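Source file: final15.txt (compact mmCIF, C-alpha atoms)
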```
# COMPACT_ATOMS: atom_id res chain seq x y z
CA MET A 1 54.61 60.17 61.57
CA THR A 2 54.40 63.74 60.35
CA SER A 3 50.65 63.79 60.43
CA ARG A 4 50.65 62.45 63.98
CA PHE A 5 53.11 65.11 64.97
CA LEU A 6 51.00 67.88 63.44
CA THR A 7 47.85 66.50 65.17
CA PHE A 8 49.68 66.50 68.52
CA VAL A 9 50.89 70.07 68.04
CA ALA A 10 47.45 71.20 67.05
CA ALA A 11 45.85 69.46 70.08
CA VAL A 12 48.32 70.78 72.65
CA VAL A 13 49.63 74.07 71.37
CA VAL A 14 46.47 75.62 69.96
CA PRO A 15 44.42 75.43 73.25
CA VAL A 16 47.35 76.66 75.24
CA HIS A 17 47.81 79.50 72.85
CA LEU A 18 44.14 80.35 73.03
CA ALA A 19 44.26 80.25 76.85
CA LEU A 20 47.24 82.53 76.89
CA ALA A 21 45.57 84.93 74.52
CA SER A 22 42.47 85.06 76.76
CA GLU A 23 44.60 85.60 79.85
CA GLU A 24 46.47 88.42 78.25
CA ALA A 25 43.20 90.00 77.33
CA HIS A 26 41.91 89.84 80.98
CA GLY A 27 44.86 89.84 83.24
CA HIS A 28 47.10 92.71 82.32
CA GLN A 29 46.36 94.29 85.54
CA ALA A 30 47.30 91.28 87.71
CA HIS A 31 50.84 91.04 89.30
CA GLY A 32 52.98 88.03 90.64
CA ILE A 33 54.40 84.91 89.01
CA PRO A 34 53.26 84.47 85.36
CA TRP A 35 52.15 80.92 85.67
CA ASN A 36 50.63 80.73 82.34
CA SER A 37 53.69 81.96 80.59
CA LEU A 38 55.84 79.66 82.62
CA LEU A 39 53.59 76.74 81.85
CA PHE A 40 53.62 77.57 78.21
CA SER A 41 57.40 77.76 78.12
CA ALA A 42 57.66 74.49 80.01
CA ILE A 43 55.33 72.84 77.55
CA ASN A 44 57.28 74.29 74.64
CA LEU A 45 60.47 73.01 76.15
CA ALA A 46 58.91 69.61 76.70
CA ILE A 47 57.73 69.54 73.11
CA PHE A 48 61.10 70.62 71.92
CA LEU A 49 62.84 67.97 73.97
CA TRP A 50 60.36 65.35 72.88
CA VAL A 51 60.81 66.30 69.17
CA LEU A 52 64.51 66.35 69.71
CA GLY A 53 64.49 62.90 71.34
CA ARG A 54 61.99 61.47 68.98
CA PHE A 55 63.29 62.65 65.63
CA VAL A 56 66.78 64.16 65.89
CA MET A 57 68.56 61.97 68.39
CA PRO A 58 68.12 58.66 66.54
CA ALA A 59 69.64 60.20 63.44
CA VAL A 60 72.45 61.68 65.48
CA ARG A 61 73.04 58.36 67.23
CA SER A 62 72.99 56.55 63.93
CA TRP A 63 75.44 59.03 62.39
CA VAL A 64 77.73 58.72 65.39
CA ALA A 65 77.62 54.91 65.23
CA GLN A 66 78.29 55.02 61.52
CA ARG A 67 81.10 57.43 62.04
CA ARG A 68 82.55 55.22 64.73
CA ASP A 69 82.39 52.21 62.43
CA ASP A 70 84.06 54.21 59.68
CA VAL A 71 86.83 55.28 61.96
CA LEU A 72 87.30 51.70 63.13
CA ASN A 73 87.44 50.48 59.54
CA ASP A 74 89.88 53.21 58.64
CA LEU A 75 92.00 52.21 61.57
CA LYS A 76 91.91 48.58 60.45
CA ASP A 77 92.83 49.57 56.90
CA ALA A 78 95.61 51.75 58.16
CA ALA A 79 96.89 48.87 60.28
CA ALA A 80 96.78 46.51 57.31
CA ALA A 81 98.53 49.07 55.13
CA LYS A 82 101.14 49.49 57.77
CA GLU A 83 101.64 45.75 57.93
CA ASP A 84 102.03 45.59 54.13
CA ALA A 85 104.46 48.45 54.21
CA LEU A 86 106.46 46.76 56.91
CA ARG A 87 106.43 43.50 55.00
CA LEU A 88 107.58 45.23 51.79
CA LYS A 89 110.19 47.06 53.72
CA ALA A 90 111.49 43.80 55.19
CA GLU A 91 111.39 42.20 51.77
CA TRP A 92 113.31 44.98 50.08
CA GLU A 93 115.79 45.11 52.92
CA ALA A 94 116.38 41.41 52.36
CA ARG A 95 116.74 41.99 48.62
CA LEU A 96 119.10 44.85 49.15
CA ALA A 97 121.14 42.63 51.45
CA THR A 98 121.52 40.01 48.64
CA LEU A 99 121.78 42.55 45.81
CA GLU A 100 125.56 42.60 45.69
CA ARG A 101 125.82 38.84 45.70
CA THR A 102 123.17 38.58 42.95
CA THR A 103 124.92 41.28 40.95
CA ALA A 104 128.22 39.48 41.28
CA GLU A 105 126.64 36.19 40.19
CA MET A 106 125.00 37.85 37.22
CA ARG A 107 128.27 39.49 36.25
CA ALA A 108 130.11 36.18 36.53
CA GLU A 109 127.46 34.40 34.47
CA ALA A 110 127.60 37.11 31.82
CA GLN A 111 131.39 36.80 31.72
CA ARG A 112 131.17 33.03 31.33
CA ASP A 113 128.62 33.45 28.52
CA ALA A 114 130.88 35.97 26.81
CA GLU A 115 133.87 33.64 27.10
CA ARG A 116 131.87 30.74 25.72
CA GLU A 117 130.67 32.88 22.81
CA ARG A 118 134.23 34.12 22.21
CA ASP A 119 135.52 30.53 22.17
CA ARG A 120 132.77 29.48 19.78
CA ILE A 121 133.45 32.39 17.44
CA LEU A 122 137.18 31.70 17.57
CA ALA A 123 136.67 28.02 16.79
CA ALA A 124 134.36 28.87 13.87
CA ALA A 125 136.81 31.43 12.56
CA GLN A 126 139.68 28.96 12.83
CA ALA A 127 137.66 26.30 11.00
CA ALA A 128 136.73 28.80 8.27
CA ALA A 129 140.34 29.91 7.99
CA ALA A 130 141.50 26.30 7.70
CA THR A 131 138.94 25.65 4.97
CA ILE A 132 139.93 28.81 3.11
CA ARG A 133 143.60 27.91 3.44
CA LYS A 134 142.96 24.39 2.17
CA ASP A 135 140.90 25.71 -0.76
CA ALA A 136 143.56 28.26 -1.57
CA GLU A 137 146.27 25.59 -1.45
CA ARG A 138 144.20 23.35 -3.68
CA ALA A 139 143.53 26.19 -6.12
CA ALA A 140 147.20 27.15 -6.11
CA ALA A 141 148.24 23.55 -6.71
CA TYR A 142 145.75 23.32 -9.56
CA GLU A 143 147.02 26.56 -11.03
CA ILE A 144 150.60 25.34 -10.76
CA ARG A 145 149.72 22.08 -12.48
CA ARG A 146 147.73 23.92 -15.13
CA THR A 147 150.55 26.36 -15.75
CA GLN A 148 153.04 23.51 -15.91
CA GLN A 149 150.80 21.75 -18.38
CA LEU A 150 150.43 24.92 -20.45
CA LEU A 151 154.18 25.41 -20.42
CA ARG A 152 154.73 21.81 -21.34
CA ASP A 153 152.17 22.04 -24.14
CA GLU A 154 153.78 25.20 -25.43
CA LEU A 155 157.24 23.64 -25.26
CA VAL A 156 155.99 20.58 -27.09
CA ARG A 157 154.20 22.72 -29.65
CA GLN A 158 157.34 24.76 -30.26
CA ALA A 159 159.47 21.61 -30.42
CA VAL A 160 157.10 20.00 -32.89
CA ARG A 161 156.98 23.15 -34.97
CA LEU A 162 160.78 23.22 -35.05
CA ALA A 163 160.79 19.56 -35.99
CA GLU A 164 158.28 20.23 -38.77
CA ASP A 165 160.35 23.13 -40.08
CA ALA A 166 163.50 21.04 -39.93
CA THR A 167 161.79 18.16 -41.68
CA ARG A 168 160.46 20.39 -44.44
CA ALA A 169 163.86 21.97 -44.91
CA GLN A 170 166.00 18.87 -44.70
CA TRP A 171 163.74 16.07 -45.94
CA THR A 172 165.42 14.33 -48.87
CA ALA A 173 164.47 11.69 -51.36
CA ALA A 174 166.71 9.31 -49.45
CA ASP A 175 164.73 9.97 -46.27
CA GLN A 176 161.50 9.33 -48.14
CA GLN A 177 162.89 6.11 -49.58
CA ARG A 178 164.03 4.98 -46.13
CA PHE A 179 160.61 5.74 -44.67
CA ILE A 180 158.90 3.80 -47.45
CA VAL A 181 161.18 0.82 -46.94
CA ASP A 182 160.59 0.82 -43.20
CA PHE A 183 156.85 1.22 -43.78
CA LEU A 184 156.70 -1.70 -46.21
CA LYS A 185 158.63 -3.86 -43.75
CA GLN A 186 156.01 -3.16 -41.13
CA VAL A 187 153.19 -3.86 -43.61
CA GLU A 188 154.71 -7.17 -44.59
CA GLN A 189 155.08 -8.14 -40.94
CA MET B 1 126.15 4.00 -48.97
CA SER B 2 122.45 3.29 -48.93
CA ALA B 3 120.85 -0.12 -49.17
CA VAL B 4 118.90 1.13 -52.20
CA ALA B 5 122.12 1.93 -54.05
CA ARG B 6 123.52 -1.50 -53.17
CA ARG B 7 120.39 -3.22 -54.49
CA TYR B 8 120.50 -1.34 -57.80
CA ALA B 9 124.26 -1.96 -58.12
CA LYS B 10 123.81 -5.69 -57.53
CA ALA B 11 121.05 -5.85 -60.12
CA LEU B 12 123.14 -3.99 -62.70
CA PHE B 13 126.15 -6.14 -61.88
CA ALA B 14 124.12 -9.35 -62.40
CA LEU B 15 122.85 -8.13 -65.75
CA ALA B 16 126.34 -7.06 -66.88
CA ARG B 17 127.80 -10.39 -65.85
CA ASP B 18 125.09 -12.19 -67.81
CA GLY B 19 125.93 -10.06 -70.81
CA ASN B 20 129.66 -10.47 -70.20
CA VAL B 21 130.07 -6.71 -70.17
CA LEU B 22 131.28 -6.18 -66.64
CA GLN B 23 134.20 -3.89 -67.38
CA PRO B 24 132.53 -1.81 -70.14
CA THR B 25 129.55 -1.29 -67.87
CA ALA B 26 131.87 -0.21 -65.07
CA ASP B 27 133.46 2.35 -67.36
CA GLU B 28 130.09 3.67 -68.48
CA ILE B 29 128.58 3.94 -65.06
CA GLY B 30 131.78 5.59 -63.90
CA ARG B 31 131.28 8.28 -66.52
CA LEU B 32 127.62 8.58 -65.57
CA ALA B 33 128.50 8.94 -61.90
CA ALA B 34 130.98 11.68 -62.74
CA VAL B 35 128.27 13.57 -64.59
CA ALA B 36 125.74 12.98 -61.79
CA ALA B 37 128.23 14.26 -59.22
CA ASP B 38 128.67 17.49 -61.15
CA ALA B 39 127.60 20.53 -59.16
CA THR B 40 125.28 21.68 -61.92
CA VAL B 41 123.78 18.41 -63.08
CA GLY B 42 123.52 16.66 -59.69
CA PRO B 43 120.87 18.93 -58.11
CA VAL B 44 118.74 18.69 -61.26
CA LEU B 45 118.87 14.89 -61.24
CA ARG B 46 117.95 14.78 -57.56
CA SER B 47 115.19 17.36 -57.82
CA PRO B 48 111.76 15.96 -56.90
CA LEU B 49 110.16 18.83 -58.85
CA LEU B 50 111.34 17.44 -62.18
CA SER B 51 108.42 15.96 -64.13
CA ALA B 52 108.54 12.40 -65.46
CA THR B 53 108.64 13.72 -69.02
CA ARG B 54 111.56 15.99 -68.30
CA ARG B 55 113.40 13.18 -66.52
CA HIS B 56 112.99 10.90 -69.56
CA GLU B 57 114.19 13.65 -71.85
CA MET B 58 117.22 14.17 -69.68
CA VAL B 59 117.99 10.43 -69.59
CA GLN B 60 117.76 10.20 -73.35
CA LEU B 61 120.03 13.19 -73.68
CA LEU B 62 122.59 11.67 -71.30
CA SER B 63 122.44 8.31 -73.07
CA GLY B 64 123.07 9.95 -76.39
CA GLU B 65 125.83 12.24 -75.22
CA LEU B 66 127.69 9.54 -73.30
CA ARG B 67 126.96 6.90 -75.94
CA LEU B 68 125.71 4.51 -73.32
CA SER B 69 125.08 0.85 -74.05
CA ASP B 70 121.56 -0.45 -74.27
CA LEU B 71 121.93 -1.99 -70.82
CA LEU B 72 122.97 1.27 -69.22
CA GLY B 73 120.33 3.17 -71.17
CA ARG B 74 117.60 0.94 -69.83
CA PHE B 75 119.09 1.02 -66.36
CA LEU B 76 119.13 4.81 -66.43
CA GLN B 77 115.52 4.81 -67.59
CA LEU B 78 114.63 2.57 -64.66
CA LEU B 79 116.31 4.92 -62.23
CA ALA B 80 114.45 7.84 -63.75
CA ASP B 81 111.13 6.01 -63.41
CA HIS B 82 111.80 5.39 -59.74
CA GLN B 83 113.29 8.82 -59.14
CA ARG B 84 116.63 7.31 -58.12
CA LEU B 85 118.90 9.28 -60.43
CA GLY B 86 120.46 10.93 -57.40
CA GLN B 87 121.78 7.51 -56.31
CA LEU B 88 124.00 7.17 -59.39
CA PRO B 89 127.37 7.96 -57.69
CA ALA B 90 126.69 5.47 -54.88
CA ILE B 91 125.53 2.81 -57.35
CA ALA B 92 128.67 3.31 -59.41
CA GLU B 93 130.88 3.01 -56.34
CA HIS B 94 129.25 -0.19 -55.21
CA TYR B 95 129.30 -1.61 -58.73
CA GLN B 96 133.05 -0.94 -58.78
CA GLN B 97 133.45 -2.78 -55.46
CA LEU B 98 131.46 -5.71 -56.78
CA LEU B 99 133.57 -5.77 -59.92
CA ASP B 100 136.78 -5.62 -57.92
CA MET B 101 135.61 -8.54 -55.79
CA GLU B 102 134.66 -10.43 -58.92
CA MET B 103 138.03 -9.76 -60.51
CA GLY B 104 139.91 -10.47 -57.30
CA ARG B 105 141.41 -7.02 -56.97
CA VAL B 106 141.48 -4.27 -54.41
CA ARG B 107 141.82 -0.53 -54.70
CA ILE B 108 144.22 1.36 -52.49
CA THR B 109 144.91 5.05 -52.04
CA ILE B 110 148.53 6.02 -51.43
CA GLN B 111 149.13 9.44 -49.95
CA SER B 112 152.72 10.53 -50.14
CA ALA B 113 154.55 13.64 -48.93
CA SER B 114 156.39 13.80 -52.24
CA PRO B 115 155.76 12.26 -55.68
CA LEU B 116 156.59 8.57 -55.85
CA ASP B 117 158.74 7.14 -58.56
CA ALA B 118 157.59 4.02 -60.41
CA GLN B 119 159.81 1.74 -58.37
CA GLN B 120 158.46 3.01 -55.07
CA GLU B 121 154.85 2.70 -56.25
CA ALA B 122 155.50 -0.80 -57.56
CA GLY B 123 157.06 -1.78 -54.25
CA ILE B 124 154.04 -0.50 -52.33
CA VAL B 125 151.60 -2.24 -54.68
CA SER B 126 153.57 -5.45 -54.41
CA ALA B 127 153.57 -5.28 -50.62
CA PHE B 128 149.84 -4.83 -50.46
CA GLU B 129 149.19 -7.52 -53.04
CA LYS B 130 151.06 -9.87 -50.74
CA ARG B 131 149.14 -8.65 -47.74
CA THR B 132 145.65 -8.82 -49.31
CA GLY B 133 146.22 -11.68 -51.71
CA LYS B 134 144.50 -9.63 -54.42
CA LYS B 135 145.55 -7.61 -57.36
CA VAL B 136 146.03 -4.04 -56.23
CA ILE B 137 144.92 -0.98 -58.18
CA ALA B 138 146.64 2.02 -56.68
CA ARG B 139 145.77 5.67 -56.78
CA VAL B 140 148.53 8.02 -55.69
CA GLU B 141 147.94 11.42 -54.09
CA VAL B 142 150.58 13.90 -52.97
CA ASP B 143 149.93 15.50 -49.60
CA THR B 144 152.76 17.73 -48.41
CA ASP B 145 151.13 18.08 -45.01
CA LEU B 146 152.37 14.57 -44.26
CA LEU B 147 155.89 16.11 -44.13
CA GLY B 148 157.45 12.76 -45.01
CA GLY B 149 156.61 9.09 -45.51
CA ILE B 150 153.39 7.65 -46.87
CA LEU B 151 149.85 6.70 -45.79
CA VAL B 152 147.91 3.89 -47.45
CA GLU B 153 144.17 3.26 -47.22
CA VAL B 154 142.97 -0.23 -48.11
CA GLU B 155 139.32 -1.26 -47.88
CA GLY B 156 138.60 1.23 -45.11
CA LYS B 157 141.79 0.41 -43.17
CA VAL B 158 144.61 2.96 -42.87
CA TYR B 159 148.31 2.06 -42.78
CA ASP B 160 150.10 5.16 -41.60
CA GLY B 161 153.84 5.64 -42.09
CA SER B 162 153.92 9.41 -42.25
CA VAL B 163 156.12 11.84 -40.34
CA ARG B 164 153.04 13.90 -39.52
CA THR B 165 151.43 11.03 -37.62
CA GLN B 166 154.64 10.27 -35.75
CA LEU B 167 154.94 13.91 -34.72
CA ASN B 168 151.30 13.93 -33.61
CA ARG B 169 151.91 10.80 -31.55
CA LEU B 170 155.01 12.37 -30.03
CA THR B 171 153.03 15.52 -29.19
CA ARG B 172 150.35 13.48 -27.43
CA GLU B 173 152.89 11.49 -25.48
CA LEU B 174 154.82 14.56 -24.35
CA SER B 175 151.71 16.57 -23.48
CA GLY B 176 149.94 13.69 -21.84
CA THR B 177 152.68 12.71 -19.39
CA ALA B 178 151.35 15.05 -16.68
CA SER B 179 147.91 15.96 -17.84
CA LEU B 180 145.53 17.56 -15.31
```

Produce structure tokens that represent the structure in this file.
Amino acid sequence: MTSRFLTFVAAVVVPVHLALASEEAHGHQAHGIPWNSLLFSAINLAIFLWVLGRFVMPAVRSWVAQRRDDVLNDLKDAAAAKEDALRLKAEWEARLATLERTTAEMRAEAQRDAERERDRILAAAQAAAATIRKDAERAAAYEIRRTQQLLRDELVRQAVRLAEDATRAQWTAADQQRFIVDFLKQVEQ
Amino acid sequence: MSAVARRYAKALFALARDGNVLQPTADEIGRLAAVAADATVGPVLRSPLLSATRRHEMVQLLSGELRLSDLLGRFLQLLADHQRLGQLPAIAEHYQQLLDMEMGRVRITIQSASPLDAQQEAGIVSAFEKRTGKKVIARVEVDTDLLGGILVEVEGKVYDGSVRTQLNRLTRELSGTASL
């Protein structure tokens, strides 16, 4: 493309330029319309327009078409974003509308859970208290019985000791004889 | 009492009966047993470290000192040979039992809180002779811990008529009425 363009410029512009140079060299004395100059300008303009149409305009048209597509896409995206925003807005408005009811339900559920937990803890505490009370009663009863037994043992021990002392002090030969007689009766039986 | 001691006692008893020296042999072996039970002599007789020679010398010494009969002398020699001198007290005890059975008598131990007079002892002996149907040989011990009454042991059986036992029984009954 470039080489063709340079060949065209060389074929058209160089002869014209040479012709103009020759005319300037011979015709400075002539007066009237400068046809050569006019022709040259026209040709330059034509070349310019042709170059413009051939090489610049397609790129410009392509850029414009691309730009138009971009704008259209941006518009579509903006429309979609707007739709999403509207949908979210509607959704949140709906949520906000039910927020109080949801909050109230959650509060009520939390209160019911707390009451259930309170009841459970109370029941467990009551059961533990009953067990502790029963154990304490059992331990107290055992202690009472043990103390009674200790007291009884001590009383018996003291009574026996007194009986021993009394026997040692008051035991007579007659008592011994009576014991032996009773003993022999039992042996003979 | 070991089976070994019983076997030796039976053998000695048979020999003594054959020689018609049951009671003298009982007296001799009783003296021997008393010596063997002595705290000084006993360990020496039982010692496994004593040589056979030393054992024989000791037996000869004992026989001479205690003026043992020929039967007892030989019996002691036999025990020394078999290293059974330590069994002497048990052999003597069983011999005495065999002799008592042979003679139709039984030995009793009377424990009394206070000394018994002859009439009381005779009454107790008489009662147990009736009960056992044998002649009773009594040994009396005084044990003040009984507080009062008596306790009689006959052939491993105890007849208890002491105040101490009655008080112990009373203690158990009173303490046991509401035991835990």

Dump as a ChimeraX atom specification the residues of chain B that approach chain A to within 12 Å, counting all atoms listed in the file.
-> /B:110-117,119-133,144-152,154,158-180

Return the single residue from B:Ile29, B:Gln87, B:Val41, B:Tyr95 that is closest to Ser63 in chain B, with distances computed using only C-alpha atoms.
->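 Distance minimum relative to Ser63 in chain B lands on B:Ile29.
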
note - CA of Ser2 in chain B and CA of Gly156 in chain B are separated by 16.7 Å

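Across the structure, CA of Val4 in chain B and CA of Ile91 in chain B are spaced 8.6 Å apart.
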
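Nearest residue to Glu102 in chain B among B:Val59, B:Ala16, B:Ala34, B:Leu85 is B:Ala16, counting all atoms listed in the file.
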
Surrounding residues of Phe75 in chain B excluding itself and chain neighbours under 5 positions, 12 Å, all atoms listed in the file, as an MDAnalysis selection string | chainID B and resid 8:9 11:13 15:16 25 28:29 32 59:60 63 68:70 80:82 84:85 88 91

I need the residues from that last selection saved to file as a compact mmCIF listing (two decimals), in the coordinates of the input (with C-alpha atoms), if you can.
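As a result, result16.txt now contains:
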```txt
# COMPACT_ATOMS: atom_id res chain seq x y z
CA TYR B 8 120.50 -1.34 -57.80
CA ALA B 9 124.26 -1.96 -58.12
CA ALA B 11 121.05 -5.85 -60.12
CA LEU B 12 123.14 -3.99 -62.70
CA PHE B 13 126.15 -6.14 -61.88
CA LEU B 15 122.85 -8.13 -65.75
CA ALA B 16 126.34 -7.06 -66.88
CA THR B 25 129.55 -1.29 -67.87
CA GLU B 28 130.09 3.67 -68.48
CA ILE B 29 128.58 3.94 -65.06
CA LEU B 32 127.62 8.58 -65.57
CA VAL B 59 117.99 10.43 -69.59
CA GLN B 60 117.76 10.20 -73.35
CA SER B 63 122.44 8.31 -73.07
CA LEU B 68 125.71 4.51 -73.32
CA SER B 69 125.08 0.85 -74.05
CA ASP B 70 121.56 -0.45 -74.27
CA ALA B 80 114.45 7.84 -63.75
CA ASP B 81 111.13 6.01 -63.41
CA HIS B 82 111.80 5.39 -59.74
CA ARG B 84 116.63 7.31 -58.12
CA LEU B 85 118.90 9.28 -60.43
CA LEU B 88 124.00 7.17 -59.39
CA ILE B 91 125.53 2.81 -57.35
```

Grab the CA of Val56 in chain A to CA of Trp35 in chain A distance for me, in Å with one decimal place.
-> 29.8 Å

Would you place a box with edges along x, y and z of the file around all atoms of range 152-169 of chain B listed there, add 8 Å to each of its six sides, and report the centre and edge lengths in Å to one decimal, as AutoDock Vina command-line options?
```
--center_x 147.4 --center_y 6.3 --center_z -39.8 --size_x 33.5 --size_y 31.2 --size_z 32.6
```
